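Text of input_2.pdb (PDB, C-alpha atoms) as supplied:
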```
ATOM      1  CA  MET L   1      -1.547  22.336  -3.287
ATOM      2  CA  LEU L   2       1.686  20.638  -4.346
ATOM      3  CA  THR L   3       4.993  22.313  -3.451
ATOM      4  CA  ILE L   4       8.047  21.499  -5.591
ATOM      5  CA  TRP L   5      11.458  21.699  -3.923
ATOM      6  CA  ASP L   6      14.982  21.188  -5.092
ATOM      7  CA  ALA L   7      16.681  18.856  -2.635
ATOM      8  CA  PRO L   8      17.851  20.739   0.458
ATOM      9  CA  ALA L   9      21.355  20.236   1.812
ATOM     10  CA  PRO L  10      21.553  17.296   4.223
ATOM     11  CA  ASP L  11      22.400  19.527   7.204
ATOM     12  CA  ALA L  12      19.302  21.641   6.460
ATOM     13  CA  ILE L  13      17.026  18.635   6.981
ATOM     14  CA  ALA L  14      15.699  17.971  10.477
ATOM     15  CA  ALA L  15      17.385  15.047  12.215
ATOM     16  CA  GLY L  16      14.126  13.256  13.015
ATOM     17  CA  ALA L  17      11.477  12.090  10.554
ATOM     18  CA  GLU L  18       8.692  13.631  12.648
ATOM     19  CA  ALA L  19      10.475  16.992  12.739
ATOM     20  CA  PHE L  20      11.046  16.799   8.970
ATOM     21  CA  LEU L  21       7.329  16.091   8.494
ATOM     22  CA  ALA L  22       6.449  19.152  10.571
ATOM     23  CA  GLU L  23       8.704  21.378   8.431
ATOM     24  CA  LEU L  24       7.085  20.439   5.124
ATOM     25  CA  PRO L  25       4.637  22.970   3.639
ATOM     26  CA  GLY L  26       2.222  20.170   2.757
ATOM     27  CA  SER L  27       2.284  17.680  -0.092
ATOM     28  CA  THR L  28       5.768  18.077  -1.552
ATOM     29  CA  VAL L  29       7.764  16.992  -4.588
ATOM     30  CA  ILE L  30      11.510  16.888  -3.998
ATOM     31  CA  ARG L  31      13.807  16.843  -7.045
ATOM     32  CA  VAL L  32      17.317  15.454  -6.663
ATOM     33  CA  PRO L  33      19.805  15.732  -9.572
ATOM     34  CA  GLY L  34      21.436  12.442 -10.531
ATOM     35  CA  ARG L  35      24.707  11.362 -12.100
ATOM     36  CA  ASP L  36      22.860  10.797 -15.384
ATOM     37  CA  PRO L  37      20.492  13.735 -15.959
ATOM     38  CA  THR L  38      19.058  12.182 -19.122
ATOM     39  CA  ARG L  39      17.023   9.683 -17.087
ATOM     40  CA  ALA L  40      14.771   9.837 -14.045
ATOM     41  CA  ARG L  41      13.168   7.567 -11.462
ATOM     42  CA  ALA L  42      10.182   8.383  -9.272
ATOM     43  CA  VAL L  43       9.320   7.512  -5.677
ATOM     44  CA  VAL L  44       5.897   8.155  -4.173
ATOM     45  CA  THR L  45       5.204   7.602  -0.508
ATOM     46  CA  LEU L  46       2.825   8.564   2.277
ATOM     47  CA  LEU L  47      -0.229   8.314   0.016
ATOM     48  CA  HIS L  48      -1.745   7.091   3.272
ATOM     49  CA  GLY L  49      -0.848   9.146   6.321
ATOM     50  CA  ASN L  50      -0.607   6.116   8.614
ATOM     51  CA  GLU L  51       2.005   4.308   6.481
ATOM     52  CA  PRO L  52       5.344   5.909   7.397
ATOM     53  CA  SER L  53       8.058   3.434   6.317
ATOM     54  CA  GLY L  54       8.556   5.010   2.894
ATOM     55  CA  PHE L  55       8.631   8.501   4.364
ATOM     56  CA  ARG L  56      11.210   7.467   6.957
ATOM     57  CA  ALA L  57      13.298   5.877   4.208
ATOM     58  CA  VAL L  58      13.202   9.051   2.100
ATOM     59  CA  HIS L  59      14.103  11.205   5.112
ATOM     60  CA  GLY L  60      17.095   8.999   5.941
ATOM     61  CA  TRP L  61      18.233   8.901   2.324
ATOM     62  CA  LEU L  62      18.081  12.697   1.993
ATOM     63  CA  ARG L  63      19.960  13.136   5.276
ATOM     64  CA  ARG L  64      22.807  11.010   3.925
ATOM     65  CA  GLY L  65      23.254  13.395   0.990
ATOM     66  CA  LEU L  66      23.494  10.587  -1.556
ATOM     67  CA  VAL L  67      23.631  11.332  -5.276
ATOM     68  CA  PRO L  68      21.190   9.121  -7.203
ATOM     69  CA  ALA L  69      22.224   7.317 -10.357
ATOM     70  CA  VAL L  70      19.614   9.296 -12.325
ATOM     71  CA  ASP L  71      17.426  12.289 -11.498
ATOM     72  CA  ALA L  72      15.058  11.428  -8.652
ATOM     73  CA  VAL L  73      11.522  12.772  -8.314
ATOM     74  CA  ILE L  74      10.149  12.086  -4.817
ATOM     75  CA  VAL L  75       6.489  12.723  -3.950
ATOM     76  CA  LEU L  76       5.581  13.045  -0.252
ATOM     77  CA  ALA L  77       1.816  12.851  -0.397
ATOM     78  CA  ALA L  78      -0.587  12.865   2.583
ATOM     79  CA  VAL L  79       1.544  15.133   4.752
ATOM     80  CA  ALA L  80      -1.456  16.841   6.347
ATOM     81  CA  ALA L  81      -3.068  13.533   7.327
ATOM     82  CA  ALA L  82       0.218  12.212   8.698
ATOM     83  CA  ARG L  83       0.581  15.289  10.915
ATOM     84  CA  VAL L  84      -2.793  14.875  12.655
ATOM     85  CA  PRO L  85      -2.015  13.936  16.298
ATOM     86  CA  PRO L  86      -0.632  11.595  17.452
ATOM     87  CA  GLY L  87       1.151  11.471  14.070
ATOM     88  CA  PHE L  88       1.241   8.798  11.374
ATOM     89  CA  ALA L  89      -2.132   7.597  12.695
ATOM     90  CA  HIS L  90      -4.664   8.659  10.040
ATOM     91  CA  ARG L  91      -4.975   7.097   6.591
ATOM     92  CA  MET L  92      -6.530  10.331   5.322
ATOM     93  CA  LEU L  93      -7.797  13.599   6.739
ATOM     94  CA  PRO L  94     -11.004  13.197   8.733
ATOM     95  CA  GLY L  95     -13.872  13.590   6.278
ATOM     96  CA  GLY L  96     -11.481  13.421   3.332
ATOM     97  CA  ARG L  97     -10.976  10.855   0.593
ATOM     98  CA  ASP L  98      -8.306   8.190   0.243
ATOM     99  CA  LEU L  99      -5.675   9.785  -2.020
ATOM    100  CA  ASN L 100      -4.777   6.438  -3.571
ATOM    101  CA  ARG L 101      -8.315   6.070  -4.918
ATOM    102  CA  CYS L 102      -8.338   9.430  -6.723
ATOM    103  CA  PHE L 103      -6.056   8.934  -9.738
ATOM    104  CA  ARG L 104      -8.897   8.281 -12.214
ATOM    105  CA  PRO L 105     -11.033  10.923 -13.946
ATOM    106  CA  PRO L 106     -13.094  12.967 -13.272
ATOM    107  CA  PHE L 107     -10.614  14.063 -10.544
ATOM    108  CA  ALA L 108     -13.403  15.488  -8.412
ATOM    109  CA  GLY L 109     -12.860  17.596  -5.311
ATOM    110  CA  VAL L 110      -9.671  18.656  -3.581
ATOM    111  CA  GLU L 111      -8.188  15.149  -3.568
ATOM    112  CA  GLY L 112      -8.970  14.595  -7.240
ATOM    113  CA  ALA L 113      -7.351  17.894  -8.227
ATOM    114  CA  TRP L 114      -4.305  16.951  -6.163
ATOM    115  CA  ALA L 115      -4.048  13.551  -7.875
ATOM    116  CA  ALA L 116      -4.273  15.162 -11.319
ATOM    117  CA  GLU L 117      -1.436  17.525 -10.365
ATOM    118  CA  VAL L 118       0.746  14.620  -9.192
ATOM    119  CA  LEU L 119       0.118  12.807 -12.468
ATOM    120  CA  ARG L 120       1.174  15.903 -14.424
ATOM    121  CA  VAL L 121       4.438  16.112 -12.464
ATOM    122  CA  LEU L 122       5.214  12.424 -12.948
ATOM    123  CA  ARG L 123       4.386  12.425 -16.644
ATOM    124  CA  ALA L 124       6.543  15.495 -17.199
ATOM    125  CA  ALA L 125       9.478  13.729 -15.513
ATOM    126  CA  ARG L 126       9.028  10.644 -17.726
ATOM    127  CA  PRO L 127      10.628   8.279 -15.181
ATOM    128  CA  GLU L 128      12.006   4.953 -16.334
ATOM    129  CA  ALA L 129      10.455   3.381 -13.227
ATOM    130  CA  LEU L 130       8.218   4.338 -10.315
ATOM    131  CA  VAL L 131       7.896   2.727  -6.888
ATOM    132  CA  ASP L 132       5.032   3.592  -4.540
ATOM    133  CA  LEU L 133       5.923   2.709  -0.937
ATOM    134  CA  HIS L 134       3.236   1.593   1.532
ATOM    135  CA  ASN L 135       2.636  -0.265   4.803
ATOM    136  CA  ASN L 136      -0.046  -2.678   5.980
ATOM    137  CA  THR L 137      -1.945  -2.488   9.272
ATOM    138  CA  GLY L 138      -1.626  -6.252   9.902
ATOM    139  CA  HIS L 139       1.303  -8.639  10.110
ATOM    140  CA  ASN L 140       2.577  -9.137   6.553
ATOM    141  CA  PRO L 141       5.907  -9.827   4.902
ATOM    142  CA  ALA L 142       7.051  -7.324   2.287
ATOM    143  CA  TYR L 143       5.654  -7.785  -1.218
ATOM    144  CA  GLY L 144       5.060  -5.958  -4.475
ATOM    145  CA  VAL L 145       1.826  -5.381  -6.380
ATOM    146  CA  GLY L 146       1.506  -4.690 -10.087
ATOM    147  CA  THR L 147      -1.040  -4.801 -12.874
ATOM    148  CA  ARG L 148       1.212  -6.925 -15.085
ATOM    149  CA  VAL L 149       3.588  -9.819 -14.557
ATOM    150  CA  ASP L 150       6.692  -8.826 -16.493
ATOM    151  CA  ASP L 151      10.439  -8.649 -15.975
ATOM    152  CA  VAL L 152      10.296  -4.919 -15.192
ATOM    153  CA  ARG L 153       7.820  -5.169 -12.319
ATOM    154  CA  LEU L 154       9.296  -8.367 -10.940
ATOM    155  CA  GLY L 155      12.770  -6.828 -11.067
ATOM    156  CA  LEU L 156      11.607  -3.697  -9.247
ATOM    157  CA  THR L 157       9.848  -5.784  -6.604
ATOM    158  CA  ALA L 158      12.994  -7.863  -6.089
ATOM    159  CA  LEU L 159      14.773  -4.732  -4.843
ATOM    160  CA  PHE L 160      12.469  -4.891  -1.804
ATOM    161  CA  ALA L 161      10.817  -8.307  -1.533
ATOM    162  CA  ARG L 162      10.443 -11.842  -2.845
ATOM    163  CA  ARG L 163       6.667 -11.897  -3.268
ATOM    164  CA  PHE L 164       4.663 -10.297  -6.078
ATOM    165  CA  VAL L 165       0.883  -9.980  -6.353
ATOM    166  CA  HIS L 166      -0.622  -9.576  -9.820
ATOM    167  CA  SER L 167      -3.780  -7.461  -9.463
ATOM    168  CA  THR L 168      -6.249  -6.249 -12.082
ATOM    169  CA  ILE L 169      -8.765  -4.803  -9.605
ATOM    170  CA  ALA L 170      -9.582  -1.201 -10.542
ATOM    171  CA  LEU L 171      -9.514   1.064  -7.481
ATOM    172  CA  GLY L 172      -8.105   4.304  -8.918
ATOM    173  CA  ALA L 173      -4.669   3.677  -7.371
ATOM    174  CA  LEU L 174      -1.541   5.355  -8.733
ATOM    175  CA  ALA L 175       0.364   2.270  -9.907
ATOM    176  CA  GLU L 176      -2.787   0.854 -11.500
ATOM    177  CA  VAL L 177      -3.732   4.015 -13.418
ATOM    178  CA  THR L 178      -0.212   4.649 -14.750
ATOM    179  CA  ALA L 179       0.419   1.026 -15.802
ATOM    180  CA  ASP L 180       0.216   1.750 -19.547
ATOM    181  CA  GLU L 181       2.723   4.610 -19.452
ATOM    182  CA  LEU L 182       5.054   4.012 -16.488
ATOM    183  CA  ASN L 183       6.899   0.974 -15.168
ATOM    184  CA  ALA L 184       5.143   1.260 -11.820
ATOM    185  CA  VAL L 185       4.967  -1.098  -8.865
ATOM    186  CA  THR L 186       3.483  -0.752  -5.389
ATOM    187  CA  ILE L 187       5.677  -2.010  -2.556
ATOM    188  CA  GLU L 188       4.033  -3.034   0.705
ATOM    189  CA  CYS L 189       6.983  -2.891   3.114
ATOM    190  CA  GLY L 190       5.335  -4.623   6.085
ATOM    191  CA  ARG L 191       3.390  -3.505   9.118
ATOM    192  CA  ALA L 192       3.303   0.201   9.929
ATOM    193  CA  GLY L 193       5.468   0.973  12.937
ATOM    194  CA  ASP L 194       7.557  -2.175  12.518
ATOM    195  CA  ARG L 195      11.310  -1.540  12.519
ATOM    196  CA  VAL L 196      11.822  -4.339   9.976
ATOM    197  CA  ALA L 197       9.406  -2.626   7.571
ATOM    198  CA  ASP L 198      11.374   0.627   7.923
ATOM    199  CA  GLU L 199      14.611  -1.231   7.198
ATOM    200  CA  ILE L 200      13.143  -2.916   4.110
ATOM    201  CA  ALA L 201      11.949   0.437   2.773
ATOM    202  CA  ALA L 202      15.317   2.119   3.416
ATOM    203  CA  ALA L 203      17.429  -0.643   1.864
ATOM    204  CA  GLY L 204      15.180  -1.004  -1.174
ATOM    205  CA  LEU L 205      15.020   2.736  -1.753
ATOM    206  CA  ALA L 206      18.820   3.002  -1.676
ATOM    207  CA  ARG L 207      19.069   0.171  -4.230
ATOM    208  CA  PHE L 208      16.379   1.694  -6.451
ATOM    209  CA  LEU L 209      17.897   5.181  -6.554
ATOM    210  CA  GLY L 210      21.556   4.155  -6.456
ATOM    211  CA  ALA L 211      21.767   1.496  -9.174
ATOM    212  CA  ASP L 212      23.200   2.636 -12.494
ATOM    213  CA  ALA L 213      21.010   0.030 -14.188
ATOM    214  CA  LEU L 214      17.903  -1.515 -12.666
ATOM    215  CA  PRO L 215      17.625  -5.337 -12.530
ATOM    216  CA  LEU L 216      14.922  -5.660 -15.149
ATOM    217  CA  ASP L 217      15.944  -8.892 -16.856
ATOM    218  CA  GLY L 218      13.816 -11.350 -14.922
ATOM    219  CA  PRO L 219      12.858 -12.361 -11.382
ATOM    220  CA  PRO L 220      15.108 -14.168  -8.928
ATOM    221  CA  ALA L 221      14.546 -17.910  -8.656
ATOM    222  CA  ASP L 222      12.926 -17.592  -5.231
ATOM    223  CA  MET L 223      10.251 -15.078  -6.290
ATOM    224  CA  THR L 224       6.683 -16.164  -5.436
ATOM    225  CA  ILE L 225       3.957 -14.866  -7.747
ATOM    226  CA  LEU L 226       0.372 -14.634  -6.513
ATOM    227  CA  ALA L 227      -2.559 -13.688  -8.709
ATOM    228  CA  ASP L 228      -6.297 -13.081  -9.117
ATOM    229  CA  PRO L 229      -6.938 -11.085  -5.923
ATOM    230  CA  ILE L 230     -10.429 -10.964  -4.504
ATOM    231  CA  ARG L 231     -11.120  -8.005  -2.226
ATOM    232  CA  VAL L 232     -12.972  -8.962   0.952
ATOM    233  CA  ALA L 233     -14.763  -6.012   2.546
ATOM    234  CA  VAL L 234     -17.327  -5.432   5.265
ATOM    235  CA  ARG L 235     -20.852  -5.048   3.915
ATOM    236  CA  PRO L 236     -22.016  -1.433   4.473
ATOM    237  CA  GLY L 237     -23.819  -1.007   7.752
ATOM    238  CA  THR L 238     -22.171  -4.019   9.403
ATOM    239  CA  ARG L 239     -20.690  -3.343  12.836
ATOM    240  CA  ILE L 240     -17.444  -5.183  13.523
ATOM    241  CA  ALA L 241     -14.909  -5.823  16.263
ATOM    242  CA  PHE L 242     -11.791  -7.934  16.760
ATOM    243  CA  GLY L 243     -11.371 -10.194  19.775
ATOM    244  CA  GLU L 244     -10.887 -13.646  21.198
ATOM    245  CA  LEU L 245     -14.597 -14.088  22.026
ATOM    246  CA  PRO L 246     -17.792 -12.907  20.313
ATOM    247  CA  ASP L 247     -18.721  -9.289  21.009
ATOM    248  CA  ARG L 248     -22.506  -9.301  21.382
ATOM    249  CA  VAL L 249     -22.753  -5.552  20.677
ATOM    250  CA  VAL L 250     -21.538  -5.847  17.060
ATOM    251  CA  ASP L 251     -22.667  -7.909  14.080
ATOM    252  CA  LEU L 252     -19.347  -9.568  13.264
ATOM    253  CA  THR L 253     -16.449 -10.317  15.578
ATOM    254  CA  LEU L 254     -13.262 -11.329  13.789
ATOM    255  CA  ARG L 255     -10.548 -13.229  15.578
ATOM    256  CA  GLY L 256      -8.033 -10.852  17.148
ATOM    257  CA  ASP L 257      -5.102 -12.781  15.663
ATOM    258  CA  VAL L 258      -6.637 -13.329  12.232
ATOM    259  CA  ASP L 259      -3.711 -11.553  10.557
ATOM    260  CA  ARG L 260      -1.422 -14.441  11.504
ATOM    261  CA  HIS L 261      -2.870 -16.162   8.410
ATOM    262  CA  ASN L 262      -1.408 -13.624   5.956
ATOM    263  CA  PHE L 263       0.269 -15.416   3.035
ATOM    264  CA  GLU L 264      -0.689 -18.764   4.574
ATOM    265  CA  ALA L 265      -2.583 -21.358   2.511
ATOM    266  CA  LEU L 266      -5.883 -21.898   4.301
ATOM    267  CA  LEU L 267      -7.981 -25.029   3.833
ATOM    268  CA  PRO L 268     -11.793 -25.115   4.117
ATOM    269  CA  GLY L 269     -13.124 -24.978   7.657
ATOM    270  CA  VAL L 270     -10.696 -22.464   9.230
ATOM    271  CA  PRO L 271     -12.522 -20.238  11.781
ATOM    272  CA  VAL L 272     -12.421 -16.543  10.933
ATOM    273  CA  GLY L 273     -14.907 -15.046  13.396
ATOM    274  CA  TRP L 274     -18.419 -15.038  14.842
ATOM    275  CA  LEU L 275     -21.669 -13.644  13.419
ATOM    276  CA  ARG L 276     -24.298 -12.371  15.862
ATOM    277  CA  ALA L 277     -27.563 -14.266  15.798
ATOM    278  CA  GLY L 278     -30.022 -12.500  13.497
ATOM    279  CA  ALA L 279     -27.330 -10.368  11.801
ATOM    280  CA  ASP L 280     -27.295 -10.035   8.008
ATOM    281  CA  TRP L 281     -24.585 -11.588   5.873
ATOM    282  CA  PRO L 282     -21.521  -9.448   6.721
ATOM    283  CA  LEU L 283     -19.135  -9.669   3.753
ATOM    284  CA  VAL L 284     -18.685  -8.570   0.165
ATOM    285  CA  ALA L 285     -15.919 -10.267  -1.845
ATOM    286  CA  ALA L 286     -15.229  -9.259  -5.437
ATOM    287  CA  GLY L 287     -12.459  -9.610  -7.986
ATOM    288  CA  ALA L 288     -11.809  -7.632 -11.158
ATOM    289  CA  ASP L 289     -15.270  -8.430 -12.564
ATOM    290  CA  GLY L 290     -17.055  -6.977  -9.521
ATOM    291  CA  GLU L 291     -19.143 -10.091  -8.834
ATOM    292  CA  ASP L 292     -19.758 -10.820  -5.155
ATOM    293  CA  VAL L 293     -18.401 -14.309  -4.407
ATOM    294  CA  SER L 294     -18.279 -14.011  -0.620
ATOM    295  CA  ARG L 295     -20.701 -16.921  -0.080
ATOM    296  CA  ASP L 296     -18.521 -19.122  -2.292
ATOM    297  CA  TYR L 297     -15.538 -18.600   0.007
ATOM    298  CA  PHE L 298     -17.157 -18.310   3.454
ATOM    299  CA  VAL L 299     -19.956 -20.002   5.343
ATOM    300  CA  VAL L 300     -21.662 -19.444   8.720
ATOM    301  CA  ARG L 301     -22.614 -22.483  10.787
ATOM    302  CA  ASP L 302     -23.977 -22.125  14.317
ATOM    303  CA  GLY L 303     -22.749 -18.531  14.389
ATOM    304  CA  LEU L 304     -19.164 -19.387  13.398
ATOM    305  CA  LEU L 305     -17.776 -17.794  10.203
ATOM    306  CA  THR L 306     -15.340 -20.191   8.507
ATOM    307  CA  THR L 307     -13.607 -20.591   5.168
ATOM    308  CA  ARG L 308     -15.563 -22.608   2.639
ATOM    309  CA  ARG L 309     -12.844 -22.942  -0.022
ATOM    310  CA  ALA L 310      -9.052 -22.982  -0.005
ATOM    311  CA  MET L 311      -7.455 -19.544  -0.220
ATOM    312  CA  VAL L 312      -4.334 -17.508   0.534
ATOM    313  CA  PRO L 313      -5.252 -14.293   2.426
ATOM    314  CA  ILE L 314      -3.021 -11.224   2.320
ATOM    315  CA  MET L 315      -3.241  -7.770   3.910
ATOM    316  CA  MET L 316      -5.456  -9.064   6.738
ATOM    317  CA  THR L 317      -5.950  -6.288   9.253
ATOM    318  CA  THR L 318      -6.978  -6.268  12.913
ATOM    319  CA  ASN L 319      -7.725  -2.540  12.881
ATOM    320  CA  VAL L 320     -11.423  -1.650  12.814
ATOM    321  CA  THR L 321     -10.876   1.742  11.168
ATOM    322  CA  ALA L 322      -8.699   0.290   8.416
ATOM    323  CA  ALA L 323     -11.194  -2.517   7.816
ATOM    324  CA  LEU L 324     -14.090  -0.093   7.416
ATOM    325  CA  GLU L 325     -12.229   2.560   5.424
ATOM    326  CA  ASP L 326     -10.608   0.080   3.045
ATOM    327  CA  CYS L 327     -11.149  -3.674   3.361
ATOM    328  CA  LEU L 328     -10.592  -6.669   5.620
ATOM    329  CA  PHE L 329      -8.119  -8.448   3.336
ATOM    330  CA  TYR L 330      -7.523  -9.874  -0.133
ATOM    331  CA  MET L 331      -7.559 -13.497  -1.238
ATOM    332  CA  VAL L 332      -5.036 -14.655  -3.863
ATOM    333  CA  HIS L 333      -3.829 -17.872  -5.498
ATOM    334  CA  GLU L 334      -0.265 -18.903  -6.218
ATOM    335  CA  ARG L 335       0.736 -19.153  -9.867
TER     336      ARG L 335
END
```
Since I need it in another form, could you write the structure as structure tokens?
Amino acid sequence: MLTIWDAPAPDAIAAGAEAFLAELPGSTVIRVPGRDPTRARAVVTLLHGNEPSGFRAVHGWLRRGLVPAVDAVIVLAAVAAARVPPGFAHRMLPGGRDLNRCFRPPFAGVEGAWAAEVLRVLRAARPEALVDLHNNTGHNPAYGVGTRVDDVRLGLTALFARRFVHSTIALGALAEVTADELNAVTIECGRAGDRVADEIAAAGLARFLGADALPLDGPPADMTILADPIRVAVRPGTRIAFGELPDRVVDLTLRGDVDRHNFEALLPGVPVGWLRAGADWPLVAAGADGEDVSRDYFVVRDGLLTTRRAMVPIMMTTNVTAALEDCLFYMVHER
């Protein structure tokens, strides 16, 4: 289920990331000896098969034959999902579960057993820090996410980005579940398939693995901290589409360029989409307490769905599959 490799020689690694992906036996842990073998750092990537920036960064780093400052433990996760044609297109295997929602007991099914095995490997390595590299499906700048606001997580985020989101929503994600035992942060590198996102992942990874000492003594002056995320999802059974005009076949049509609002402060009255006449209320919005506050933040007037209160949206997507499998976006507030 989880293959453990010692790092291959650089010339034994395929030149292209796609070819390297094809050569892997499946979910793989790669161990790379560091200059200081008494410490370790961990990298997890490809927990979602359609988020390749972290994987491309790892491939490029391994090809360069670099020696990390400390032992590196690299987890390449949803390899099988990433390989489904046309490649890097599926968040998870068809009919499967989202791997980054499986790190909480009871570890049911194949995905749960896999998550438990990954946790055993990481805990055995006892890394001084862990970064989990992801992409978004909408236009977003790079940012970090953590369950605590402290110098460690802000310092790790600063290796990649200048925005940090403090989240206490319990989803069963890796960085959330390991918060009490590992210095873990999730890094959202930008939009999947974007060259800039790949560059951010590669540069940050090289800094994370190459630094003799991590910058854990406080955030840079230009770090923006956002907090109290509210997860906005499509109510089950609601049919959606994205477009410039209402789609009369579906219940909710969201504006095709809605993701341009990511990390933008929105005032009340901003149009988000159109609700079909006679359709049920389309949204569920909940924070850490699980209470649905969607009607506090949105309102429908004459079929137009608009913001009701000020908010800062992040992770807005314009991908129907991503919206239904995960969520539409999160709302946060600046601290």
| said: Just to confirm, what's the straight-line distance from atom CA of L:Arg335 to atom CA of L:Phe164 in Å (one decimal)? | reply: 10.4 Å
| said: Can you pull out the residues contacting stretch 207-222 of chain L? Cut-off 8 Å, using all atoms listed in the file, and skip same-chain residues under 3 positions away; I want them as a PyMOL selection string. | reply: chain L and resi 41+67-70+72+150-156+158-159+162+203-204
Could you write out the selected residues, including C-alpha atoms, as a PDB file, keeping the file's coordinate frame?
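The new file part.pdb reads:
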```
ATOM      1  CA  ARG L  41      13.168   7.567 -11.462  1.00  0.00           C
ATOM      2  CA  VAL L  67      23.631  11.332  -5.276  1.00  0.00           C
ATOM      3  CA  PRO L  68      21.190   9.121  -7.203  1.00  0.00           C
ATOM      4  CA  ALA L  69      22.224   7.317 -10.357  1.00  0.00           C
ATOM      5  CA  VAL L  70      19.614   9.296 -12.325  1.00  0.00           C
ATOM      6  CA  ALA L  72      15.058  11.428  -8.652  1.00  0.00           C
ATOM      7  CA  ASP L 150       6.692  -8.826 -16.493  1.00  0.00           C
ATOM      8  CA  ASP L 151      10.439  -8.649 -15.975  1.00  0.00           C
ATOM      9  CA  VAL L 152      10.296  -4.919 -15.192  1.00  0.00           C
ATOM     10  CA  ARG L 153       7.820  -5.169 -12.319  1.00  0.00           C
ATOM     11  CA  LEU L 154       9.296  -8.367 -10.940  1.00  0.00           C
ATOM     12  CA  GLY L 155      12.770  -6.828 -11.067  1.00  0.00           C
ATOM     13  CA  LEU L 156      11.607  -3.697  -9.247  1.00  0.00           C
ATOM     14  CA  ALA L 158      12.994  -7.863  -6.089  1.00  0.00           C
ATOM     15  CA  LEU L 159      14.773  -4.732  -4.843  1.00  0.00           C
ATOM     16  CA  ARG L 162      10.443 -11.842  -2.845  1.00  0.00           C
ATOM     17  CA  ALA L 203      17.429  -0.643   1.864  1.00  0.00           C
ATOM     18  CA  GLY L 204      15.180  -1.004  -1.174  1.00  0.00           C
TER      19      GLY L 204
END
```
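Residues selected in this file by the PyMOL selection byres ((chain L and resi 233) around 6) comprise L:Val232, L:Val234, L:Leu283, L:Val284, L:Cys327, L:Leu328.
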| said: Given the point (-19.3, -12.3, 15.5) in the coordinates of this file, which residues lie within 9 Å, counting all atoms listed in the file, and how would they look as number ranges by chain? | reply: L: 240-242, 245-248, 250-255, 273-277, 303-305
| query | Skipping near chain neighbours, those fewer than 6 positions away, what residues fall within 6 Å of stretch 25-35 of chain L using all atoms listed in the file, listed as an NGL selection string? | reply | :L and (2-7 or 67-77 or 79)
| remark: Using only C-alpha atoms, the residue out of L:Arg101, L:Arg239, L:Arg163, L:His139 with shortest distance to L:Gly256 is L:His139
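The interatomic distance for the pair atom CA of L:Glu51 and atom CA of L:Arg39 works out to 28.5 Å.
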| request: Using the chain letters and numbers from the file, give me the residues hit by the PyMOL selection byres ((chain L and resi 96) around 12), as a PyMOL selection string. | output: chain L and resi 48-49+78+80-81+90-95+97-102+109-112+325
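What the PyMOL selection byres ((chain L and resi 269) around 12) picks from this file is Leu266, Leu267, Pro268, Val270, Pro271, Val272, Gly273, Tyr297, Phe298, Val299, Val300, Arg301, Leu304, Leu305, Thr306, Thr307, Arg308, Arg309, Ala310 and Met311 of chain L.
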| Counting all atoms listed in the file, what is within 10 Å of L:Thr186, bar same-chain residues fewer than 2 positions away, as a PyMOL selection string? | chain L and resi 44-45+130-134+143-147+153+156-157+164-165+173-176+184+188-189
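Interatomic distance, atom CA of L:Phe55 to atom CA of L:Ala17: 7.7 Å.
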Using all atoms of stretch 310-321 of chain L listed in the file and a margin of 4 Å per side, can you give the axis-aligned box centre and edge lengths in Å to one decimal, as JSON?
```
{"center_x": -7.2, "center_y": -10.6, "center_z": 6.3, "size_x": 16.4, "size_y": 32.7, "size_z": 21.1}
```
| task | Could you please give me, as a ChimeraX atom specification, the residues of protein, DNA or RNA lying at most 10 Å from (1.0, -18.8, -2.5) in the coordinate frame of the file, considering only C-alpha atoms? | result | /L:163-165,224-227,263-265,311-314,332-335
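Minimum distance to L:Val177 across L:Val320, L:Ala129, L:Leu205, L:Ala115 (counting all atoms listed in the file) occurs at L:Ala115.
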| Residue nearest L:Val258 among L:Gly138, L:Pro86, L:Pro229, L:Pro127 (counting all atoms listed in the file) | L:Gly138
| request: Considering all atoms listed in the file, state which residue in the set L:Met1, L:Met223, L:Met315, L:Met331 is at the smallest distance from L:Ala116. | output: L:Met1
Once N, CA and C atoms are restored for stretch 144-151 of chain L, what would the output be as a PDB file, in the frame of the given file?
```pdb
ATOM      1  N   GLY L 144       5.384  -6.937  -3.452  1.00  0.00           N
ATOM      2  CA  GLY L 144       5.060  -5.958  -4.475  1.00  0.00           C
ATOM      3  C   GLY L 144       3.711  -6.254  -5.093  1.00  0.00           C
ATOM      4  N   VAL L 145       3.097  -5.230  -5.683  1.00  0.00           N
ATOM      5  CA  VAL L 145       1.826  -5.381  -6.380  1.00  0.00           C
ATOM      6  C   VAL L 145       1.939  -4.657  -7.714  1.00  0.00           C
ATOM      7  N   GLY L 146       1.491  -5.310  -8.776  1.00  0.00           N
ATOM      8  CA  GLY L 146       1.506  -4.690 -10.087  1.00  0.00           C
ATOM      9  C   GLY L 146       0.378  -5.195 -10.958  1.00  0.00           C
ATOM     10  N   THR L 147       0.065  -4.443 -11.988  1.00  0.00           N
ATOM     11  CA  THR L 147      -1.040  -4.801 -12.874  1.00  0.00           C
ATOM     12  C   THR L 147      -0.612  -5.757 -13.981  1.00  0.00           C
ATOM     13  N   ARG L 148       0.685  -6.003 -14.089  1.00  0.00           N
ATOM     14  CA  ARG L 148       1.212  -6.925 -15.085  1.00  0.00           C
ATOM     15  C   ARG L 148       2.309  -7.764 -14.450  1.00  0.00           C
ATOM     16  N   VAL L 149       2.464  -8.971 -14.965  1.00  0.00           N
ATOM     17  CA  VAL L 149       3.588  -9.819 -14.557  1.00  0.00           C
ATOM     18  C   VAL L 149       4.613  -9.752 -15.670  1.00  0.00           C
ATOM     19  N   ASP L 150       5.641  -8.953 -15.490  1.00  0.00           N
ATOM     20  CA  ASP L 150       6.692  -8.826 -16.493  1.00  0.00           C
ATOM     21  C   ASP L 150       8.030  -8.652 -15.789  1.00  0.00           C
ATOM     22  N   ASP L 151       9.105  -8.724 -16.564  1.00  0.00           N
ATOM     23  CA  ASP L 151      10.439  -8.649 -15.975  1.00  0.00           C
ATOM     24  C   ASP L 151      10.677  -7.322 -15.265  1.00  0.00           C
TER      25      ASP L 151
END
```
